[in-house]
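**Student:** This is run-v1.pdb (PDB, C-alpha atoms).
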ATOM      1  CA  MET A   3      92.917 135.496  39.092
ATOM      2  CA  GLY A   4      92.278 138.613  37.020
ATOM      3  CA  LEU A   5      90.089 140.190  34.373
ATOM      4  CA  PHE A   6      91.348 137.940  31.582
ATOM      5  CA  ASP A   7      91.027 134.612  33.391
ATOM      6  CA  SER A   8      88.239 132.321  32.225
ATOM      7  CA  ILE A   9      85.094 131.513  34.198
ATOM      8  CA  LYS A  10      82.119 129.170  33.880
ATOM      9  CA  ILE A  11      78.456 130.077  34.261
ATOM     10  CA  ASN A  12      76.819 126.687  34.648
ATOM     11  CA  SER A  13      77.968 124.785  31.512
ATOM     12  CA  LEU A  14      79.144 127.887  29.601
ATOM     13  CA  GLU A  15      82.889 128.511  29.488
ATOM     14  CA  ILE A  16      83.636 132.238  29.161
ATOM     15  CA  LYS A  17      87.131 133.303  28.109
ATOM     16  CA  ASN A  18      87.380 136.296  30.477
ATOM     17  CA  ARG A  19      85.470 138.232  33.143
ATOM     18  CA  ILE A  20      84.154 141.044  30.898
ATOM     19  CA  LEU A  21      80.391 141.173  30.345
ATOM     20  CA  MET A  22      79.084 143.793  27.944
ATOM     21  CA  ALA A  23      76.024 145.099  29.760
ATOM     22  CA  PRO A  24      72.570 145.312  28.175
ATOM     23  CA  MET A  25      72.056 148.842  26.836
ATOM     24  CA  ALA A  26      69.125 150.051  24.753
ATOM     25  CA  THR A  27      70.225 151.143  21.275
ATOM     26  CA  GLY A  28      66.877 151.832  19.572
ATOM     27  CA  LEU A  29      68.265 150.068  16.488
ATOM     28  CA  ALA A  30      65.615 147.332  16.210
ATOM     29  CA  GLY A  31      62.613 147.700  13.897
ATOM     30  CA  GLU A  32      60.455 150.632  15.033
ATOM     31  CA  GLN A  33      57.105 148.867  14.659
ATOM     32  CA  LYS A  34      57.747 145.197  15.451
ATOM     33  CA  GLY A  35      61.101 145.184  17.274
ATOM     34  CA  GLU A  36      62.792 142.904  14.743
ATOM     35  CA  VAL A  37      66.572 142.572  14.436
ATOM     36  CA  THR A  38      68.079 144.928  11.836
ATOM     37  CA  ASP A  39      71.453 144.990  10.068
ATOM     38  CA  LYS A  40      72.454 148.059  12.127
ATOM     39  CA  LEU A  41      71.701 146.161  15.340
ATOM     40  CA  ILE A  42      73.776 143.156  14.228
ATOM     41  CA  LYS A  43      76.698 145.438  13.344
ATOM     42  CA  HIS A  44      76.461 147.189  16.738
ATOM     43  CA  TYR A  45      76.965 143.907  18.625
ATOM     44  CA  ALA A  46      79.463 142.300  16.231
ATOM     45  CA  ASP A  47      81.648 145.441  16.391
ATOM     46  CA  ARG A  48      81.935 144.986  20.181
ATOM     47  CA  ALA A  49      82.586 141.237  20.291
ATOM     48  CA  GLU A  50      86.383 141.180  19.958
ATOM     49  CA  LYS A  51      87.976 139.919  23.209
ATOM     50  CA  THR A  52      84.691 140.438  25.110
ATOM     51  CA  GLY A  53      83.878 137.587  27.507
ATOM     52  CA  ILE A  54      80.137 137.642  26.842
ATOM     53  CA  ILE A  55      77.674 140.121  25.344
ATOM     54  CA  ILE A  56      74.162 140.500  26.755
ATOM     55  CA  THR A  57      71.675 142.129  24.408
ATOM     56  CA  GLU A  58      69.495 145.050  25.347
ATOM     57  CA  HIS A  59      66.052 144.263  26.788
ATOM     58  CA  ASN A  60      63.652 142.243  24.621
ATOM     59  CA  TYR A  61      59.963 142.706  25.386
ATOM     60  CA  ILE A  62      58.020 139.481  25.942
ATOM     61  CA  GLU A  63      54.591 140.850  24.995
ATOM     62  CA  PRO A  64      53.440 143.999  23.162
ATOM     63  CA  VAL A  65      52.025 145.684  26.298
ATOM     64  CA  GLY A  66      55.471 145.249  27.914
ATOM     65  CA  ARG A  67      57.237 147.389  25.313
ATOM     66  CA  LEU A  68      59.072 150.472  26.609
ATOM     67  CA  HIS A  69      60.143 152.387  23.494
ATOM     68  CA  LYS A  70      60.281 152.387  19.707
ATOM     69  CA  GLY A  71      63.237 150.529  18.261
ATOM     70  CA  GLN A  72      63.297 148.128  21.239
ATOM     71  CA  MET A  73      64.094 144.478  20.487
ATOM     72  CA  GLY A  74      61.174 142.075  20.764
ATOM     73  CA  ILE A  75      60.897 138.362  21.547
ATOM     74  CA  TYR A  76      57.099 138.134  21.810
ATOM     75  CA  SER A  77      56.511 136.251  18.539
ATOM     76  CA  ASP A  78      58.017 133.297  16.659
ATOM     77  CA  SER A  79      58.236 135.578  13.600
ATOM     78  CA  LEU A  80      61.149 137.395  15.290
ATOM     79  CA  THR A  81      63.263 134.254  15.752
ATOM     80  CA  PRO A  82      64.977 134.245  12.298
ATOM     81  CA  GLY A  83      66.380 137.732  12.928
ATOM     82  CA  LEU A  84      67.548 136.739  16.404
ATOM     83  CA  LYS A  85      69.330 133.733  14.872
ATOM     84  CA  LYS A  86      71.249 136.076  12.531
ATOM     85  CA  LEU A  87      72.329 138.223  15.469
ATOM     86  CA  VAL A  88      73.476 135.178  17.455
ATOM     87  CA  LYS A  89      75.509 133.838  14.517
ATOM     88  CA  ALA A  90      77.200 137.188  13.872
ATOM     89  CA  VAL A  91      78.466 137.449  17.457
ATOM     90  CA  GLN A  92      79.336 133.763  17.863
ATOM     91  CA  ASP A  93      81.305 133.902  14.594
ATOM     92  CA  CYS A  94      83.562 136.418  16.383
ATOM     93  CA  GLY A  95      84.301 133.743  18.999
ATOM     94  CA  THR A  96      82.135 135.377  21.673
ATOM     95  CA  PRO A  97      79.046 133.949  23.403
ATOM     96  CA  ILE A  98      75.881 136.047  23.465
ATOM     97  CA  GLY A  99      73.095 136.191  26.013
ATOM     98  CA  ILE A 100      69.663 137.763  25.664
ATOM     99  CA  GLN A 101      67.902 139.924  28.224
ATOM    100  CA  ILE A 102      64.139 139.350  28.384
ATOM    101  CA  SER A 103      61.949 141.995  29.932
ATOM    102  CA  HIS A 104      58.546 143.566  30.559
ATOM    103  CA  ALA A 105      58.258 147.314  31.134
ATOM    104  CA  GLY A 106      55.180 146.982  33.346
ATOM    105  CA  GLY A 107      53.863 150.253  34.731
ATOM    106  CA  VAL A 108      56.435 152.466  32.980
ATOM    107  CA  ALA A 109      55.138 151.555  29.517
ATOM    108  CA  SER A 110      52.855 154.106  27.853
ATOM    109  CA  SER A 111      49.431 153.589  26.269
ATOM    110  CA  SER A 112      50.413 155.932  23.423
ATOM    111  CA  LEU A 113      52.953 153.317  22.312
ATOM    112  CA  VAL A 114      51.353 149.994  23.292
ATOM    113  CA  GLY A 115      47.732 150.938  22.532
ATOM    114  CA  GLN A 116      46.304 150.141  25.965
ATOM    115  CA  PRO A 117      46.940 151.160  29.576
ATOM    116  CA  PRO A 118      50.148 149.638  30.989
ATOM    117  CA  VAL A 119      50.003 146.879  33.612
ATOM    118  CA  ALA A 120      51.710 146.739  37.004
ATOM    119  CA  PRO A 121      51.530 145.051  40.408
ATOM    120  CA  SER A 122      49.424 147.943  41.718
ATOM    121  CA  SER A 123      47.341 150.707  40.202
ATOM    122  CA  ILE A 124      49.564 153.555  41.357
ATOM    123  CA  PRO A 125      51.411 156.042  39.128
ATOM    124  CA  GLY A 126      54.896 154.815  38.240
ATOM    125  CA  GLY A 127      55.498 156.157  34.770
ATOM    126  CA  LYS A 128      53.547 158.750  32.804
ATOM    127  CA  GLU A 129      50.141 157.314  33.664
ATOM    128  CA  THR A 130      48.332 155.141  36.197
ATOM    129  CA  PRO A 131      48.623 151.446  35.215
ATOM    130  CA  ARG A 132      46.082 148.643  35.554
ATOM    131  CA  GLU A 133      46.638 146.253  38.461
ATOM    132  CA  LEU A 134      47.335 142.714  37.261
ATOM    133  CA  THR A 135      45.031 139.929  38.438
ATOM    134  CA  GLU A 136      46.530 136.711  39.816
ATOM    135  CA  SER A 137      45.515 134.831  36.655
ATOM    136  CA  GLN A 138      47.175 137.506  34.496
ATOM    137  CA  ILE A 139      50.363 137.128  36.559
ATOM    138  CA  GLU A 140      50.275 133.369  35.911
ATOM    139  CA  GLY A 141      49.844 134.119  32.209
ATOM    140  CA  LEU A 142      52.904 136.360  32.269
ATOM    141  CA  VAL A 143      54.975 133.570  33.816
ATOM    142  CA  GLU A 144      54.104 131.530  30.702
ATOM    143  CA  LYS A 145      54.942 134.427  28.376
ATOM    144  CA  PHE A 146      58.383 134.700  29.960
ATOM    145  CA  GLY A 147      58.673 130.941  29.422
ATOM    146  CA  GLN A 148      57.695 131.251  25.747
ATOM    147  CA  ALA A 149      60.300 133.983  25.303
ATOM    148  CA  ALA A 150      62.901 131.627  26.787
ATOM    149  CA  GLU A 151      61.886 128.918  24.300
ATOM    150  CA  ARG A 152      62.423 131.380  21.427
ATOM    151  CA  ALA A 153      65.815 132.352  22.858
ATOM    152  CA  LEU A 154      66.814 128.667  22.884
ATOM    153  CA  THR A 155      65.619 128.218  19.302
ATOM    154  CA  ALA A 156      67.618 131.273  18.222
ATOM    155  CA  GLY A 157      70.775 129.756  19.738
ATOM    156  CA  PHE A 158      71.562 132.200  22.536
ATOM    157  CA  ASP A 159      74.200 130.991  25.013
ATOM    158  CA  LEU A 160      72.550 132.497  28.116
ATOM    159  CA  ILE A 161      69.264 134.075  29.161
ATOM    160  CA  GLU A 162      69.161 137.069  31.503
ATOM    161  CA  ILE A 163      65.847 137.881  33.217
ATOM    162  CA  HIS A 164      65.487 141.647  33.685
ATOM    163  CA  GLY A 165      64.533 142.365  37.286
ATOM    164  CA  ALA A 166      66.039 145.841  37.632
ATOM    165  CA  HIS A 167      65.678 149.529  36.672
ATOM    166  CA  GLY A 168      62.036 149.888  37.666
ATOM    167  CA  PHE A 169      60.576 147.388  35.178
ATOM    168  CA  LEU A 170      57.821 144.865  35.944
ATOM    169  CA  LEU A 171      59.686 142.238  37.994
ATOM    170  CA  ASN A 172      61.433 145.028  39.896
ATOM    171  CA  GLN A 173      58.041 146.712  40.458
ATOM    172  CA  PHE A 174      56.798 143.542  42.191
ATOM    173  CA  PHE A 175      59.927 143.372  44.382
ATOM    174  CA  SER A 176      59.779 147.015  45.501
ATOM    175  CA  PRO A 177      57.396 147.968  48.337
ATOM    176  CA  ILE A 178      57.108 151.416  46.727
ATOM    177  CA  THR A 179      55.402 150.090  43.580
ATOM    178  CA  ASN A 180      53.804 146.937  45.054
ATOM    179  CA  LYS A 181      50.886 147.688  47.374
ATOM    180  CA  ARG A 182      49.021 144.418  46.762
ATOM    181  CA  LYS A 183      47.111 142.631  49.552
ATOM    182  CA  ASP A 184      47.198 139.122  48.031
ATOM    183  CA  ASN A 185      49.867 136.400  47.605
ATOM    184  CA  TYR A 186      51.978 138.750  45.474
ATOM    185  CA  GLY A 187      52.239 141.700  47.855
ATOM    186  CA  GLY A 188      53.038 142.766  51.402
ATOM    187  CA  SER A 189      55.828 140.603  52.818
ATOM    188  CA  LEU A 190      59.191 140.177  51.104
ATOM    189  CA  LYS A 191      58.283 136.522  50.504
ATOM    190  CA  ASN A 192      55.171 137.576  48.607
ATOM    191  CA  ARG A 193      56.845 140.415  46.673
ATOM    192  CA  ILE A 194      59.487 138.064  45.238
ATOM    193  CA  ARG A 195      56.977 135.307  44.432
ATOM    194  CA  PHE A 196      56.351 136.358  40.809
ATOM    195  CA  PRO A 197      60.049 136.842  39.872
ATOM    196  CA  LEU A 198      60.851 133.446  41.413
ATOM    197  CA  GLN A 199      57.997 131.815  39.487
ATOM    198  CA  VAL A 200      59.451 133.281  36.283
ATOM    199  CA  ALA A 201      62.923 131.947  37.116
ATOM    200  CA  LYS A 202      61.588 128.481  37.963
ATOM    201  CA  ARG A 203      59.466 128.294  34.802
ATOM    202  CA  ILE A 204      62.391 129.262  32.596
ATOM    203  CA  ARG A 205      64.647 126.738  34.343
ATOM    204  CA  GLU A 206      62.066 124.019  33.595
ATOM    205  CA  ILE A 207      62.122 125.000  29.915
ATOM    206  CA  VAL A 208      65.881 125.358  29.391
ATOM    207  CA  GLY A 209      66.972 122.292  31.400
ATOM    208  CA  ASN A 210      69.585 121.958  34.119
ATOM    209  CA  ASP A 211      72.744 122.816  32.160
ATOM    210  CA  PHE A 212      71.711 126.048  30.433
ATOM    211  CA  PRO A 213      73.110 129.299  31.953
ATOM    212  CA  LEU A 214      70.414 131.444  33.537
ATOM    213  CA  GLU A 215      71.086 134.944  34.862
ATOM    214  CA  TYR A 216      69.035 137.509  36.777
ATOM    215  CA  ARG A 217      69.557 141.290  36.552
ATOM    216  CA  LEU A 218      68.851 142.306  40.111
ATOM    217  CA  GLY A 219      67.646 145.757  41.098
ATOM    218  CA  SER A 220      69.468 145.547  44.419
ATOM    219  CA  VAL A 221      68.537 148.914  45.970
ATOM    220  CA  ASP A 222      65.949 151.623  45.293
ATOM    221  CA  LEU A 223      67.943 154.306  47.173
ATOM    222  CA  THR A 224      64.582 155.727  48.317
ATOM    223  CA  PRO A 225      63.090 155.555  51.827
ATOM    224  CA  GLY A 226      60.623 152.666  52.033
ATOM    225  CA  GLY A 227      62.100 150.948  48.989
ATOM    226  CA  ILE A 228      64.236 147.865  48.362
ATOM    227  CA  THR A 229      67.178 147.548  50.743
ATOM    228  CA  LEU A 230      70.397 145.626  50.279
ATOM    229  CA  GLU A 231      69.262 143.274  53.061
ATOM    230  CA  ASP A 232      66.125 142.483  51.004
ATOM    231  CA  SER A 233      68.314 141.701  48.005
ATOM    232  CA  GLU A 234      70.616 139.406  49.986
ATOM    233  CA  VAL A 235      67.567 137.304  50.918
ATOM    234  CA  PHE A 236      66.195 137.461  47.358
ATOM    235  CA  ALA A 237      69.560 136.410  45.879
ATOM    236  CA  LYS A 238      69.584 133.209  47.936
ATOM    237  CA  GLU A 239      66.044 132.425  46.751
ATOM    238  CA  LEU A 240      67.035 133.084  43.133
ATOM    239  CA  VAL A 241      69.790 130.476  43.411
ATOM    240  CA  TRP A 242      67.271 127.986  44.807
ATOM    241  CA  ALA A 243      65.012 128.809  41.847
ATOM    242  CA  GLY A 244      67.740 127.864  39.365
ATOM    243  CA  ILE A 245      69.615 131.124  38.723
ATOM    244  CA  ASN A 246      73.347 130.643  38.036
ATOM    245  CA  SER A 247      74.549 134.249  37.895
ATOM    246  CA  ILE A 248      73.314 137.543  39.314
ATOM    247  CA  ASN A 249      74.045 140.818  37.547
ATOM    248  CA  VAL A 250      73.734 143.486  40.251
ATOM    249  CA  SER A 251      72.354 146.912  39.366
ATOM    250  CA  GLY A 252      69.864 149.491  40.646
ATOM    251  CA  GLY A 253      66.156 149.158  41.295
ATOM    252  CA  LEU A 254      63.732 152.076  40.931
ATOM    253  CA  CYS A 255      66.777 154.370  41.046
ATOM    254  CA  GLY A 256      67.822 153.058  37.622
ATOM    255  CA  ALA A 257      71.172 152.126  36.145
ATOM    256  CA  SER A 258      72.908 155.456  36.877
ATOM    257  CA  PRO A 259      71.501 156.992  40.066
ATOM    258  CA  PRO A 260      72.627 160.607  40.600
ATOM    259  CA  SER A 261      73.556 159.847  44.230
ATOM    260  CA  LEU A 262      76.229 157.316  43.190
ATOM    261  CA  SER A 263      79.403 158.173  41.328
ATOM    262  CA  GLY A 264      82.908 157.003  40.522
ATOM    263  CA  GLU A 265      83.975 153.709  38.994
ATOM    264  CA  GLY A 266      82.107 150.619  40.130
ATOM    265  CA  PHE A 267      79.309 152.346  42.012
ATOM    266  CA  PHE A 268      77.306 149.095  42.266
ATOM    267  CA  ILE A 269      80.330 146.997  43.322
ATOM    268  CA  PRO A 270      79.556 147.304  47.089
ATOM    269  CA  GLN A 271      76.043 145.905  46.533
ATOM    270  CA  ALA A 272      77.409 143.121  44.338
ATOM    271  CA  GLU A 273      80.074 142.289  46.925
ATOM    272  CA  ALA A 274      77.422 141.920  49.654
ATOM    273  CA  ILE A 275      75.315 139.667  47.420
ATOM    274  CA  LYS A 276      78.386 137.575  46.565
ATOM    275  CA  LYS A 277      78.924 136.963  50.292
ATOM    276  CA  ALA A 278      75.240 136.073  50.775
ATOM    277  CA  GLY A 279      74.803 133.482  48.035
ATOM    278  CA  LYS A 280      76.417 130.888  45.825
ATOM    279  CA  ALA A 281      75.850 132.372  42.364
ATOM    280  CA  ILE A 282      78.384 133.934  40.029
ATOM    281  CA  VAL A 283      78.070 137.649  40.825
ATOM    282  CA  ILE A 284      78.603 140.414  38.280
ATOM    283  CA  GLY A 285      79.160 144.002  39.398
ATOM    284  CA  GLY A 286      79.898 147.334  37.798
ATOM    285  CA  GLY A 287      78.482 150.781  37.267
ATOM    286  CA  GLY A 288      80.518 153.492  35.584
ATOM    287  CA  ILE A 289      83.599 151.306  35.029
ATOM    288  CA  THR A 290      85.814 152.869  32.378
ATOM    289  CA  THR A 291      89.354 151.606  33.046
ATOM    290  CA  PRO A 292      90.656 148.047  32.692
ATOM    291  CA  GLU A 293      92.868 148.632  35.743
ATOM    292  CA  PHE A 294      89.840 149.145  38.000
ATOM    293  CA  ALA A 295      88.011 146.165  36.467
ATOM    294  CA  ASP A 296      91.064 143.948  36.952
ATOM    295  CA  LYS A 297      91.500 145.131  40.561
ATOM    296  CA  VAL A 298      87.956 144.237  41.721
ATOM    297  CA  ILE A 299      88.326 140.763  40.172
ATOM    298  CA  LYS A 300      91.734 140.223  41.791
ATOM    299  CA  GLU A 301      90.353 141.336  45.153
ATOM    300  CA  LYS A 302      87.509 138.779  44.694
ATOM    301  CA  ARG A 303      84.905 141.453  45.328
ATOM    302  CA  VAL A 304      82.980 140.188  42.274
ATOM    303  CA  ASP A 305      83.366 137.281  39.846
ATOM    304  CA  MET A 306      82.823 139.328  36.674
ATOM    305  CA  VAL A 307      82.371 142.987  35.753
ATOM    306  CA  PHE A 308      79.753 144.530  33.521
ATOM    307  CA  ILE A 309      80.935 147.281  31.217
ATOM    308  CA  GLY A 310      78.299 149.537  29.681
ATOM    309  CA  ARG A 311      78.808 153.046  28.376
ATOM    310  CA  ALA A 312      82.546 152.520  27.938
ATOM    311  CA  PHE A 313      81.624 150.061  25.146
ATOM    312  CA  LEU A 314      79.445 152.699  23.497
ATOM    313  CA  LYS A 315      82.382 155.124  23.455
ATOM    314  CA  ASP A 316      84.929 152.490  22.408
ATOM    315  CA  PRO A 317      83.637 149.358  20.616
ATOM    316  CA  LYS A 318      87.117 147.807  21.073
ATOM    317  CA  TRP A 319      87.145 148.370  24.848
ATOM    318  CA  ALA A 320      87.835 144.714  25.657
ATOM    319  CA  ALA A 321      90.550 144.333  23.010
ATOM    320  CA  ASN A 322      92.225 147.559  24.159
ATOM    321  CA  ALA A 323      91.961 146.427  27.797
ATOM    322  CA  ALA A 324      93.776 143.205  26.904
ATOM    323  CA  LYS A 325      96.608 145.153  25.287
ATOM    324  CA  LYS A 326      96.855 147.594  28.172
ATOM    325  CA  LEU A 327      96.919 144.995  30.953
ATOM    326  CA  LYS A 328      99.347 142.813  29.052
ATOM    327  CA  LYS A 329     101.635 145.797  28.523
ATOM    328  CA  GLU A 330     101.605 146.620  32.230
TER     329      GLU A 330
END
Reformat the file's structure so that it appears as structure tokens.

**Tutor:**
Amino acid sequence: MGLFDSIKINSLEIKNRILMAPMATGLAGEQKGEVTDKLIKHYADRAEKTGIIITEHNYIEPVGRLHKGQMGIYSDSLTPGLKKLVKAVQDCGTPIGIQISHAGGVASSSLVGQPPVAPSSIPGGKETPRELTESQIEGLVEKFGQAAERALTAGFDLIEIHGAHGFLLNQFFSPITNKRKDNYGGSLKNRIRFPLQVAKRIREIVGNDFPLEYRLGSVDLTPGGITLEDSEVFAKELVWAGINSINVSGGLCGASPPSLSGEGFFIPQAEAIKKAGKAIVIGGGGITTPEFADKVIKEKRVDMVFIGRAFLKDPKWAANAAKKLKKE
């Protein structure tokens, strides 16, 4: 079993173990977050021989927007553009997933027109956010569900829920950003309640056979933050909630923490989560060479690898990896 062996995520057959990671491009429409021709070209150019592409984060409501040029999935008016993107990638013979997200407390009022929202009213980004009420949290579960419905309508092959990199779901999970005293704060069980409600709601909407993935912020790398042991427990609960695959990354520390280096710096976390649960587990972080990617698959440390910045440098990374490994 190696990098170019096929794998299934729920009902979806994927031709190899390469997942192009979600990476913000800023190529969507600056005002509304609609799909543009430049965005379509960016993804289609990287589809050759890639197992599956996951889009950059799509904001599920305007107050959850992080930056200009970010893709949006908050309105039915955006669905026609998303359909064009899906068709362009699928026409290359590659499935495409969509990452749905909410920036939470790291959004800025200068962009979204109102104070950002978060689990607790403590500074996380550039300003102090408003603490969400329980009824507002329930409303957000529905907004994630509506985003999933739009993703289905657009024809995406997989949905990835963004629970990493210090965004809203990650903010609920982390004891650093969640200081609530109600059902959504305090214990680990309470801190993962909202993310699990989102996963369960989306599973209800998409049905049993549709592939559902969670981007897990597995560690904060900060004292008092999320630990790997927390994430091992959370991963098991995610599977119970209907998640098929877990894409393991960083929490409040982000996607490229300065304290981690070398190829595959999130592979150890992914390996631990693979041992703890029964989902397909995807690991990576700074992977640049096909040899390394192939090795961690062969050693069964992870089921798939995510490749990020290497695809930005070389749009044909997967095709070139196939040639290189075949040659060797």

**Student:** Could you check which of A:Pro213, A:Gly165, A:Pro121, A:Gly127 is closest to Asn180 of chain A, using only C-alpha atoms?

**Tutor:** A:Pro121

**Student:** Could you pull out every residue with an atom within 6 Å of (59.5, 136.8, 28.9), file coordinates, counting all atoms listed in the file, and send them as a list in words?

**Tutor:**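 Here the neighbourhood of the point contains Ile62, Ile102, Ser103, Lys145, Phe146, Gly147 and Ala149 of chain A.
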
**Student:** Could you give me, as a list in words, the residues within 7 Å of segment 318-330 of chain A, counting all atoms listed in the file and dropping anything in the same chain fewer than 2 positions from it?

**Tutor:**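 After dropping sequence-adjacent residues, the list is Arg48, Glu50, Lys51, Thr52, Pro292, Ala312, Phe313 and Asp316 of chain A.
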
**Student:** Check which residues satisfy the PyMOL selection byres ((chain A and resi 106) around 8) in the file shown, then give them as number ranges by chain.

**Tutor:** A: 65-66, 104-105, 107-109, 118-120, 169-170, 173

**Student:** Quick one: distance from atom CA of Val200 of chain A to atom CA of Glu215 of chain A in Å, one decimal?

**Tutor:**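 Result for atom CA of Val200 of chain A versus atom CA of Glu215 of chain A: 11.8 Å, one decimal.
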
**Student:** Calculate how many Å separate atom CA of Gly226 of chain A from atom CA of Ile178 of chain A, rounding to one decimal.

**Tutor:** 6.5 Å

**Student:** Could you list the residues chosen by the PyMOL selection byres ((chain A and resi 88) around 9) in this structure as an mmCIF file with C-alpha atoms, keeping the file's coordinate frame?

**Tutor:**
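New file result_17.cif:
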data_model
loop_
_atom_site.group_PDB
_atom_site.id
_atom_site.type_symbol
_atom_site.label_atom_id
_atom_site.label_comp_id
_atom_site.auth_asym_id
_atom_site.auth_seq_id
_atom_site.Cartn_x
_atom_site.Cartn_y
_atom_site.Cartn_z
ATOM 1 C CA ILE A 42 73.776 143.156 14.228
ATOM 2 C CA GLY A 83 66.380 137.732 12.928
ATOM 3 C CA LEU A 84 67.548 136.739 16.404
ATOM 4 C CA LYS A 85 69.330 133.733 14.872
ATOM 5 C CA LYS A 86 71.249 136.076 12.531
ATOM 6 C CA LEU A 87 72.329 138.223 15.469
ATOM 7 C CA LYS A 89 75.509 133.838 14.517
ATOM 8 C CA ALA A 90 77.200 137.188 13.872
ATOM 9 C CA VAL A 91 78.466 137.449 17.457
ATOM 10 C CA GLN A 92 79.336 133.763 17.863
ATOM 11 C CA ASP A 93 81.305 133.902 14.594
ATOM 12 C CA PRO A 97 79.046 133.949 23.403
ATOM 13 C CA ILE A 98 75.881 136.047 23.465
ATOM 14 C CA GLY A 99 73.095 136.191 26.013
ATOM 15 C CA ALA A 156 67.618 131.273 18.222
ATOM 16 C CA GLY A 157 70.775 129.756 19.738
ATOM 17 C CA PHE A 158 71.562 132.200 22.536
ATOM 18 C CA ASP A 159 74.200 130.991 25.013
#

**Student:** Can you work out which one of A:Met22, A:Met3, A:Ala201, A:Leu154 has the shortest atom-to-atom distance to Gly286 of chain A, counting only C-alpha atoms?

**Tutor:** A:Met22

**Student:** For Glu162 of chain A, which of A:Gly209, A:Pro317, A:Gly287, A:Pro24 is the closest residue, counting only C-alpha atoms?

**Tutor:**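 Of A:Gly209, A:Pro317, A:Gly287, A:Pro24, the one nearest Glu162 of chain A, counting only C-alpha atoms, is A:Pro24.
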
**Student:** For Phe175 of chain A, which of A:Gln72, A:Gln199, A:Gln148, A:Ser233 is the closest residue, counting only C-alpha atoms?

**Tutor:**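 The closest residue to Phe175 of chain A is A:Ser233.
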
**Student:** Might you spell out which residues the PyMOL selection byres ((chain A and resi 279) around 12) would select in the displayed file, as JSON, numbers by chain?

**Tutor:** {"A": [233, 234, 235, 236, 237, 238, 239, 240, 241, 242, 245, 246, 247, 248, 272, 273, 274, 275, 276, 277, 278, 280, 281, 282, 283]}

**Student:** Could you check how far atom CA of Ser263 of chain A sits from atom CA of Ile100 of chain A, in Å to one decimal?

**Tutor:**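 These atoms are spaced 27.5 Å apart.
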
**Student:** Go through A:Val250, A:Ile20, A:Leu29, A:Val221 and flag the residue nearest Lys43 of chain A, using only C-alpha atoms for the distances.

**Tutor:**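 Ranking A:Val250, A:Ile20, A:Leu29, A:Val221 by distance to Lys43 of chain A, first place goes to A:Leu29.
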
**Student:** I'd like the contact shell of Asn18 of chain A - 6 Å cut-off, all atoms listed in the file, skipping same-chain residues fewer than 5 positions apart - returned as number ranges by chain.

**Tutor:** A: 6-8, 53

**Student:** List as number ranges by chain the residues having at least one atom at most 6 Å from position (91.5, 142.0, 35.2) as given in the file, counting all atoms listed in the file.

**Tutor:** A: 4-6, 295-296

**Student:** Which of these, A:Leu314, A:Leu21, A:Ile56, A:Leu262, has the shortest distance to Gly285 of chain A once you count all atoms listed in the file?

**Tutor:** A:Leu21

**Student:** Skip Ala166 of chain A itself and residues of its chain fewer than 6 positions away, then list as a list in words all residues within 8 Å of it, counting all atoms listed in the file.

**Tutor:**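 Non-adjacent residues within range: Asn172, Arg217, Leu218, Gly219, Ser220, Ser251, Gly252, Gly253, Leu254 and Gly256 of chain A.
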
**Student:** Box for segment 71-80 of chain A: with edges along x, y and z, all listed atoms inside and 8 Å added on each side, what are the centre and edge lengths in Å to one decimal, as AutoDock Vina command-line options?

**Tutor:**
--center_x 60.3 --center_y 141.9 --center_z 17.7 --size_x 23.6 --size_y 33.2 --size_z 24.2
